[in-house]
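As stored in run10.cif (mmCIF, C-alpha atoms):
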```cif
data_target
loop_
_atom_site.label_atom_id
_atom_site.label_comp_id
_atom_site.auth_asym_id
_atom_site.auth_seq_id
_atom_site.Cartn_x
_atom_site.Cartn_y
_atom_site.Cartn_z
CA MET K 1 101.41 20.35 78.72
CA LYS K 2 98.72 23.01 78.11
CA ALA K 3 98.48 22.05 74.44
CA PHE K 4 98.16 18.41 75.39
CA ALA K 5 95.34 19.22 77.85
CA ILE K 6 93.50 21.17 75.15
CA LEU K 7 93.97 18.28 72.71
CA LEU K 8 92.60 15.79 75.24
CA GLY K 9 89.64 18.02 76.06
CA GLY K 10 88.71 18.36 72.41
CA PHE K 11 89.11 14.64 71.90
CA ILE K 12 86.69 13.86 74.74
CA LEU K 13 84.12 16.44 73.56
CA LEU K 14 84.09 14.87 70.09
CA PHE K 15 84.01 11.32 71.40
CA HIS K 16 80.26 10.77 71.27
CA ALA K 17 79.80 12.68 68.01
CA ALA K 18 82.34 10.43 66.30
CA PHE K 19 80.44 7.26 67.16
CA GLY K 20 77.77 7.77 64.55
CA ALA K 21 80.18 7.78 61.59
CA GLN K 22 82.49 4.88 62.20
CA ALA K 23 80.70 1.52 62.17
CA ALA K 24 80.58 -0.50 58.99
CA ALA K 25 77.27 -0.81 57.22
CA SER K 26 75.26 -3.92 58.06
CA ASP K 27 75.36 -5.22 54.50
CA THR K 28 79.16 -5.30 54.19
CA LYS K 29 80.79 -8.70 53.75
CA ARG K 30 83.23 -9.58 56.53
CA VAL K 31 85.24 -12.81 56.37
CA ALA K 32 87.89 -14.21 58.73
CA LEU K 33 90.35 -17.11 58.70
CA VAL K 34 91.37 -18.30 62.18
CA ILE K 35 94.02 -21.01 62.71
CA GLY K 36 95.52 -22.23 65.97
CA ASN K 37 98.22 -24.93 66.02
CA SER K 38 98.99 -26.60 69.35
CA LYS K 39 99.64 -30.33 68.88
CA TYR K 40 102.98 -30.43 67.05
CA VAL K 41 104.26 -33.83 66.01
CA ASN K 42 107.97 -33.00 66.09
CA ALA K 43 107.99 -30.47 68.93
CA VAL K 44 106.53 -30.07 72.40
CA ALA K 45 102.85 -29.18 72.18
CA LEU K 46 101.87 -25.55 72.79
CA PRO K 47 99.17 -25.23 75.44
CA ASN K 48 97.28 -22.19 74.14
CA PRO K 49 97.07 -21.62 70.35
CA ALA K 50 94.04 -23.88 69.83
CA ASN K 51 92.26 -22.13 72.71
CA ASP K 52 93.32 -18.75 71.30
CA ALA K 53 91.84 -19.66 67.92
CA HIS K 54 88.49 -20.60 69.48
CA LEU K 55 88.46 -17.36 71.47
CA ILE K 56 89.23 -15.11 68.49
CA ALA K 57 86.86 -17.00 66.20
CA SER K 58 84.03 -16.53 68.69
CA THR K 59 84.90 -12.84 69.08
CA LEU K 60 84.80 -12.25 65.34
CA ARG K 61 81.58 -14.24 64.84
CA ASN K 62 79.91 -12.10 67.47
CA ALA K 63 81.03 -9.04 65.50
CA GLY K 64 79.34 -10.28 62.32
CA PHE K 65 82.19 -12.09 60.57
CA GLU K 66 81.84 -15.27 58.57
CA VAL K 67 84.63 -17.32 60.17
CA ILE K 68 86.64 -20.16 58.63
CA GLU K 69 88.25 -21.89 61.61
CA GLY K 70 90.83 -24.65 61.98
CA VAL K 71 92.95 -26.02 64.82
CA ASP K 72 95.97 -28.32 64.75
CA GLN K 73 96.30 -28.11 60.99
CA ASP K 74 98.90 -30.04 59.02
CA ASN K 75 100.48 -28.66 55.86
CA ALA K 76 97.68 -29.79 53.57
CA GLY K 77 95.04 -28.57 56.00
CA MET K 78 96.51 -25.08 56.32
CA HIS K 79 96.76 -24.66 52.57
CA SER K 80 93.21 -25.95 52.12
CA LEU K 81 91.89 -23.39 54.60
CA ILE K 82 93.83 -20.62 52.88
CA SER K 83 92.31 -21.60 49.54
CA LYS K 84 88.80 -21.61 51.01
CA PHE K 85 89.39 -18.21 52.62
CA THR K 86 90.75 -16.79 49.35
CA GLU K 87 87.56 -17.79 47.56
CA GLU K 88 85.17 -16.64 50.31
CA SER K 89 86.90 -13.29 50.86
CA TYR K 90 87.44 -12.48 47.17
CA ASN K 91 84.63 -9.91 47.12
CA ALA K 92 84.66 -9.10 50.86
CA ASP K 93 84.79 -5.56 52.20
CA LEU K 94 86.85 -6.59 55.24
CA ALA K 95 88.99 -9.73 55.64
CA VAL K 96 90.90 -10.85 58.73
CA ILE K 97 93.47 -13.62 59.18
CA PHE K 98 94.49 -14.72 62.68
CA TYR K 99 97.22 -17.32 63.26
CA ALA K 100 98.50 -18.69 66.58
CA GLY K 101 101.22 -21.31 66.75
CA HIS K 102 104.88 -21.73 65.84
CA GLY K 103 106.60 -19.49 63.31
CA MET K 104 110.14 -18.52 62.36
CA GLN K 105 112.10 -16.08 60.26
CA VAL K 106 114.92 -17.03 57.87
CA ASP K 107 116.78 -14.35 55.93
CA GLY K 108 114.13 -11.83 56.92
CA LYS K 109 111.21 -13.92 55.61
CA ASN K 110 108.54 -15.38 57.88
CA TYR K 111 107.29 -18.96 57.86
CA LEU K 112 104.33 -20.38 59.78
CA ILE K 113 104.61 -23.99 60.82
CA PRO K 114 101.94 -26.70 60.40
CA VAL K 115 101.69 -29.33 63.12
CA ASP K 116 103.24 -32.07 60.96
CA ALA K 117 106.31 -30.08 59.87
CA GLU K 118 109.70 -31.74 60.10
CA LEU K 119 112.26 -29.05 59.41
CA THR K 120 115.49 -30.96 58.93
CA SER K 121 116.32 -29.55 55.47
CA PRO K 122 116.38 -25.96 54.14
CA ALA K 123 114.22 -27.13 51.22
CA TYR K 124 111.42 -27.93 53.66
CA LEU K 125 110.90 -24.22 54.27
CA LYS K 126 109.33 -24.09 50.80
CA THR K 127 107.44 -27.36 50.92
CA ARG K 128 106.40 -27.89 54.54
CA THR K 129 105.54 -24.43 55.88
CA VAL K 130 103.22 -21.55 55.04
CA GLN K 131 104.90 -18.29 54.05
CA ILE K 132 103.41 -14.98 55.16
CA ASP K 133 103.29 -14.05 51.48
CA GLU K 134 100.57 -16.68 51.07
CA PHE K 135 98.46 -14.89 53.68
CA MET K 136 99.05 -11.58 51.92
CA ALA K 137 98.03 -13.04 48.56
CA ALA K 138 94.81 -14.43 50.07
CA LEU K 139 93.53 -10.98 51.08
CA PRO K 140 90.97 -9.25 48.83
CA ALA K 141 92.08 -6.41 46.58
CA ASP K 142 91.63 -2.72 47.23
CA PRO K 143 89.29 -1.04 48.15
CA ALA K 144 88.77 -3.89 50.62
CA VAL K 145 90.67 -3.89 53.90
CA GLY K 146 92.91 -6.85 54.80
CA ILE K 147 94.14 -7.54 58.34
CA ILE K 148 96.67 -10.17 59.42
CA ILE K 149 97.21 -10.89 63.13
CA LEU K 150 100.13 -13.14 64.11
CA ASP K 151 100.65 -14.72 67.52
CA ALA K 152 103.56 -16.81 66.29
CA CYS K 153 106.64 -15.50 68.06
CA ARG K 154 107.00 -18.21 70.71
CA ASP K 155 110.22 -19.98 71.63
CA ASN K 156 110.51 -22.53 68.85
CA PRO K 157 112.44 -25.84 69.06
CA LEU K 158 111.76 -26.47 65.34
CA ALA K 159 113.71 -23.31 64.57
CA ARG K 160 116.71 -24.72 66.38
CA THR K 161 116.48 -27.87 64.26
CA MET K 162 116.34 -25.75 61.13
CA ALA K 163 119.28 -23.62 62.30
CA ALA K 164 121.46 -26.72 62.43
CA ALA K 165 120.50 -27.60 58.85
CA LEU K 166 120.96 -24.16 57.30
CA PRO K 167 124.18 -23.27 55.45
CA LYS K 168 126.25 -20.50 57.01
CA SER K 169 125.17 -18.12 54.26
CA ARG K 170 121.63 -18.07 55.62
CA SER K 171 120.51 -16.59 58.93
CA LEU K 172 117.72 -17.66 61.25
CA GLY K 173 116.47 -14.96 63.61
CA ALA K 174 114.39 -15.02 66.76
CA GLY K 175 110.68 -14.30 66.59
CA LEU K 176 109.28 -12.87 63.36
CA ALA K 177 110.62 -10.27 60.95
CA PRO K 178 108.60 -7.13 60.17
CA VAL K 179 106.45 -7.36 57.05
CA ASP K 180 105.81 -4.38 54.79
CA ALA K 181 102.07 -3.71 54.85
CA LYS K 182 101.85 -2.87 51.16
CA ALA K 183 98.50 -2.50 49.47
CA ASP K 184 97.95 -2.61 45.71
CA GLY K 185 95.73 0.02 44.12
CA MET K 186 94.91 3.62 44.96
CA GLY K 187 91.58 3.20 46.75
CA THR K 188 90.59 3.63 50.37
CA GLY K 189 91.31 0.09 51.58
CA GLY K 190 94.72 -1.12 52.65
CA VAL K 191 96.48 -3.68 54.83
CA LEU K 192 97.28 -3.90 58.53
CA ILE K 193 99.63 -6.48 60.05
CA ALA K 194 99.68 -6.99 63.81
CA TYR K 195 102.21 -8.99 65.82
CA ALA K 196 102.12 -10.40 69.34
CA THR K 197 105.44 -8.73 70.14
CA ASP K 198 108.27 -6.62 68.73
CA PRO K 199 110.28 -7.86 65.71
CA GLY K 200 112.81 -10.49 66.69
CA ALA K 201 111.34 -10.86 70.19
CA ILE K 202 109.65 -13.82 71.87
CA ALA K 203 106.01 -13.80 72.96
CA PHE K 204 104.70 -15.58 76.05
CA ASP K 205 102.12 -18.35 76.07
CA GLY K 206 100.83 -17.19 79.45
CA ASN K 207 99.80 -19.13 82.54
CA GLY K 208 96.11 -19.49 81.66
CA VAL K 209 94.26 -21.22 78.86
CA ASP K 210 94.83 -18.28 76.49
CA SER K 211 97.88 -16.17 75.66
CA PRO K 212 98.06 -12.61 77.05
CA TYR K 213 97.90 -11.27 73.48
CA SER K 214 94.79 -13.20 72.48
CA LEU K 215 93.02 -12.27 75.71
CA ALA K 216 93.69 -8.59 75.07
CA LEU K 217 92.61 -8.92 71.43
CA ALA K 218 89.32 -10.53 72.44
CA LYS K 219 88.71 -7.70 74.88
CA HIS K 220 89.52 -4.74 72.63
CA LEU K 221 89.47 -5.72 68.95
CA THR K 222 85.70 -5.53 68.43
CA GLU K 223 84.78 -2.88 71.00
CA PRO K 224 81.92 -0.83 69.52
CA GLY K 225 83.08 2.53 68.26
CA VAL K 226 86.81 1.82 68.60
CA GLU K 227 88.96 2.10 65.45
CA ILE K 228 91.27 -0.86 64.95
CA GLN K 229 94.54 1.01 65.44
CA SER K 230 93.22 2.48 68.69
CA ALA K 231 92.12 -1.01 69.71
CA LEU K 232 95.61 -2.36 69.03
CA THR K 233 97.11 0.48 71.06
CA ARG K 234 94.98 -0.69 73.97
CA VAL K 235 96.10 -4.27 73.35
CA ARG K 236 99.74 -3.17 73.41
CA GLY K 237 99.26 -1.33 76.69
CA GLU K 238 97.46 -4.20 78.37
CA VAL K 239 99.89 -6.91 77.24
CA THR K 240 102.91 -4.81 78.14
CA GLU K 241 101.43 -4.22 81.57
CA THR K 242 100.52 -7.91 82.05
CA THR K 243 104.02 -9.10 81.09
CA GLN K 244 105.79 -6.29 82.98
CA GLY K 245 107.30 -4.89 79.82
CA ARG K 246 108.70 -8.18 78.50
CA GLN K 247 106.22 -8.40 75.59
CA ARG K 248 105.14 -5.38 73.56
CA PRO K 249 102.71 -6.03 70.69
CA TRP K 250 103.01 -3.81 67.64
CA HIS K 251 101.53 -3.30 64.19
CA ASN K 252 102.15 -1.54 60.88
CA ALA K 253 99.53 -0.44 58.39
CA SER K 254 98.79 1.18 55.04
CA LEU K 255 95.10 1.80 55.68
CA GLY K 256 93.33 4.42 53.60
CA ARG K 257 90.47 4.91 56.04
CA GLU K 258 89.38 4.23 59.57
CA VAL K 259 88.43 0.60 60.15
CA PHE K 260 86.06 -0.69 62.83
CA LEU K 261 85.73 -4.39 63.58
CA GLY K 262 83.09 -3.91 66.26
CA LYS K 263 79.37 -3.61 65.86
CA PRO K 264 77.81 -0.19 65.32
CA ALA K 265 77.50 2.04 68.36
CA ALA K 266 74.07 2.99 69.63
CA PRO K 267 72.48 5.52 67.24
CA ILE K 268 71.73 9.09 68.31
CA ALA K 269 68.09 9.56 69.30
CA ALA K 270 65.83 10.95 66.55
CA PRO K 271 63.70 14.10 67.03
CA VAL K 272 60.44 13.55 68.93
CA ALA K 273 57.22 14.49 67.10
CA ASP K 274 54.48 16.43 68.97
CA ALA K 275 51.12 14.70 68.40
CA ASP K 276 49.26 18.08 68.39
CA LYS K 277 51.54 19.78 65.85
CA THR K 278 52.47 19.12 62.25
CA THR K 279 56.18 19.83 62.80
CA ALA K 280 58.65 17.74 64.73
CA THR K 281 60.08 19.05 67.97
CA PRO K 282 63.75 18.23 68.54
CA ALA K 283 64.43 16.07 71.54
CA PRO K 284 66.07 17.88 74.46
CA ALA K 285 69.82 17.96 74.21
CA PRO K 286 71.50 15.64 76.70
CA VAL K 287 73.09 17.33 79.66
CA ALA K 288 76.85 17.28 79.32
CA SER K 289 78.59 15.29 82.01
CA GLU K 290 82.13 14.50 82.90
CA PRO K 291 83.31 11.24 81.36
CA PRO K 292 84.18 8.53 83.90
CA SER K 293 87.77 8.46 85.09
CA TRP K 294 88.54 5.17 83.36
CA GLU K 295 87.53 6.69 80.03
CA VAL K 296 89.75 9.74 80.56
CA GLU K 297 92.63 7.48 81.57
CA GLN K 298 92.18 5.28 78.49
CA ARG K 299 92.20 8.28 76.17
CA LEU K 300 95.26 9.78 77.83
CA TRP K 301 97.02 6.46 77.43
CA ASP K 302 95.91 6.05 73.82
CA GLU K 303 97.27 9.50 72.99
CA ALA K 304 100.55 8.88 74.83
CA SER K 305 101.06 5.54 73.05
CA LYS K 306 100.23 7.07 69.69
CA LYS K 307 102.70 9.95 70.13
CA ASN K 308 105.26 7.68 71.86
CA ALA K 309 107.03 10.69 73.39
CA ILE K 310 108.20 11.18 76.98
CA PRO K 311 106.13 14.36 77.70
CA TYR K 312 102.94 12.47 76.87
CA TYR K 313 103.82 9.57 79.16
CA GLU K 314 104.67 12.07 81.91
CA ALA K 315 101.31 13.78 81.38
CA TYR K 316 99.59 10.43 81.85
CA LEU K 317 101.57 9.75 85.05
CA ASP K 318 100.73 13.23 86.41
CA GLN K 319 97.04 12.41 86.18
CA PHE K 320 97.18 8.69 86.96
CA PRO K 321 100.35 7.88 88.96
CA ASN K 322 98.86 4.54 90.00
CA GLY K 323 96.83 3.93 86.84
CA ARG K 324 96.41 0.70 84.87
CA PHE K 325 99.29 1.62 82.54
CA ALA K 326 101.53 3.38 85.08
CA THR K 327 104.19 0.65 85.07
CA VAL K 328 104.47 0.75 81.29
CA ALA K 329 104.50 4.55 81.24
CA LYS K 330 107.34 4.63 83.76
CA LEU K 331 109.33 2.04 81.83
CA THR K 332 108.86 3.93 78.55
CA SER K 333 109.53 7.41 79.92
CA THR K 334 112.84 6.31 81.44
CA SER K 335 114.05 4.15 78.53
#
```
What would the structure in this file look like if it were written as structure tokens?
Amino acid sequence: MKAFAILLGGFILLFHAAFGAQAAASDTKRVALVIGNSKYVNAVALPNPANDAHLIASTLRNAGFEVIEGVDQDNAGMHSLISKFTEESYNADLAVIFYAGHGMQVDGKNYLIPVDAELTSPAYLKTRTVQIDEFMAALPADPAVGIIILDACRDNPLARTMAAALPKSRSLGAGLAPVDAKADGMGTGGVLIAYATDPGAIAFDGNGVDSPYSLALAKHLTEPGVEIQSALTRVRGEVTETTQGRQRPWHNASLGREVFLGKPAAPIAAPVADADKTTATPAPAPVASEPPSWEVEQRLWDEASKKNAIPYYEAYLDQFPNGRFATVAKLTSTS
């Protein structure tokens, strides 16, 4: 516990100093592909993916991304958008793909489903869906960073149709299968793949106009000064709390450096020059103050989620027994 307190204290002291080094330069090229499929022809329409796509597209545009956006895309439309994204992101420094809609896994491979898909034959998996491998191939090469975010783990009636058509030698699983976040090359880029919920689990569409996952992404993904894996930790905590532990987002990554999707944090003030002297006089150092309680709580939770060990969750509960993430911490520390 003492070591954890020291670690937290050091983390908070370095918090402001770290801000100056993490934002991407203003001249970097940032491209995103955002697709949301709601109006399925051969399945009940999903209420939220199109709204989720608009929300995430707006969030990324505000963070300086060039966004290629499409909703309710058929097979030809999805492949056309992927081709356009591949060309636009070829020399990008940071490329993001977000997909919301139906998806399925067969024999451990993931398939995303256009709105016009009719999956009554195993052969249609190759001809009438989009494989995750196509998203991976569309990302720019190292040292660029590629990010894929999938909100495609909903209960899927098209998967049940496909299950009836598959031979017994092939297996259809719930949700999506984990994807290896491999990155070619030896540079400082890499790949991150984020999922709305755990492998093989089902995500919730939510009761509002956006899914719980997309709402949390829009809130945290482009926060100034927050590294993407820390942002996704916050997303996981918020979605798990919102769904009372029934949906737990996760991600895997092979990143070679810290990645920030948000805009640069406010720069540190420059020294103030004295008009009567030829040398500059440093500005007075800011008086140290205690960070607000919400900030301390967030950092305790981020550290507990990162370590994913019972003592860290207990340390969080000791300080914040009724905190925003208390329900999740209790569920995790007793599981």
- Item | Matched chain/residue IDs from the PyMOL selection byres ((chain K and resi 182) around 12), as an NGL selection string | :K and (133 or 136-137 or 139 or 141-142 or 145-147 or 179-181 or 183-186 or 189-193 or 252-256)
- Task: Evaluate the PyMOL selection byres ((chain K and resi 72-84) around 6) and record the selected residues as a ChimeraX atom specification, following the chain and residue labels used in the document.
- Result: /K:37-39,71,85-87,114-116
Output file for the selection above: C-alpha atoms, as a compact mmCIF listing (two decimals), keeping the file's coordinate frame:
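Here's the written file part.txt:
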```txt
# COMPACT_ATOMS: atom_id res chain seq x y z
CA ASN K 37 98.22 -24.93 66.02
CA SER K 38 98.99 -26.60 69.35
CA LYS K 39 99.64 -30.33 68.88
CA VAL K 71 92.95 -26.02 64.82
CA PHE K 85 89.39 -18.21 52.62
CA THR K 86 90.75 -16.79 49.35
CA GLU K 87 87.56 -17.79 47.56
CA PRO K 114 101.94 -26.70 60.40
CA VAL K 115 101.69 -29.33 63.12
CA ASP K 116 103.24 -32.07 60.96
```
- Which polymer residues have any atom within 10 Å of an atom of Thr233 of chain K, counting all atoms listed in the file, with same-chain residues fewer than 3 positions away left out, as a list of chain:residue names?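 Everything that qualifies: K:His220, K:Ile228, K:Gln229, K:Ser230, K:Arg236, K:Gly237, K:Glu238, K:Pro249, K:Trp250, K:His251, K:Trp301, K:Asp302, K:Glu303, K:Ala304, K:Ser305, K:Lys306.
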- Message: When you count all atoms listed in the file, which of these residues is closest to Ala53 of chain K: K:Thr28, K:Asp210, K:Ala203, K:Gln105?
- Response: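 Under the stated criterion, the closest residue is K:Asp210.
Put simply, the PyMOL selection byres ((chain K and resi 62) around 12) in this file takes in K:Arg30, K:Leu55, K:Ile56, K:Ala57, K:Ser58, K:Thr59, K:Leu60, K:Arg61, K:Ala63, K:Gly64, K:Phe65, K:Glu66, K:Val67, K:Ala218, K:Leu221, K:Thr222, K:Glu223, K:Pro224, K:Leu261, K:Gly262, K:Lys263.
Residue nearest Ile149 of chain K within the list K:Gln131, K:Thr332, K:Thr188, K:Ser214: K:Ser214 [criterion: smallest interatomic distance, all atoms listed in the file].
Nearest to Gly36 of chain K of all the residues K:Gln244, K:Ser211, K:Ser121, K:Asn110 is K:Ser211, counting all atoms listed in the file.
With all atoms listed in the file as the atoms that count, the minimum distance from Pro212 of chain K to the choices K:Leu33, K:Val130, K:Asp52, K:Phe260 is reached by K:Asp52.
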- Message: Please list, as number ranges by chain, the residues that have an atom at most 9 Å away from (104.2, -24.6, 64.5) in the coordinates of this file, counting only C-alpha atoms.
- Response: K: 37-40, 43, 46, 100-104, 112-117, 129, 152, 156, 158
- Do you have the atom CA of Lys109 of chain K-atom CA of Asn308 of chain K distance handy? 27.7 Å
Enclosing box along x, y and z for every listed atom of segment 242-258 of chain K, padded 6 Å each side, centre and size in Å, one decimal, as lines of an AutoDock Vina configuration file:
```
center_x = 99.0
center_y = -2.1
center_z = 68.3
size_x = 31.3
size_y = 26.0
size_z = 41.4
```
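Each of K:Val259, K:Ala216, K:Leu150, K:Ala315 was checked against Val239 of chain K using all atoms listed in the file; the smallest atom-to-atom distance is that of K:Ala216.
Between atom CA of Ala194 of chain K and atom CA of Ile132 of chain K the separation is 12.4 Å.
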- Work out how far apart atom CA of Glu118 of chain K and atom CA of Val209 of chain K are and give it in Å to one decimal.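 Between atom CA of Glu118 of chain K and atom CA of Val209 of chain K the gap is 26.5 Å.
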- Query: Of the residues K:Ile148, K:Ala329, K:Ala201, K:Val296, which is the one nearest to Glu241 of chain K, using only C-alpha atoms?
  - Reply: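 Smallest separation from Glu241 of chain K among the options: K:Ala329.
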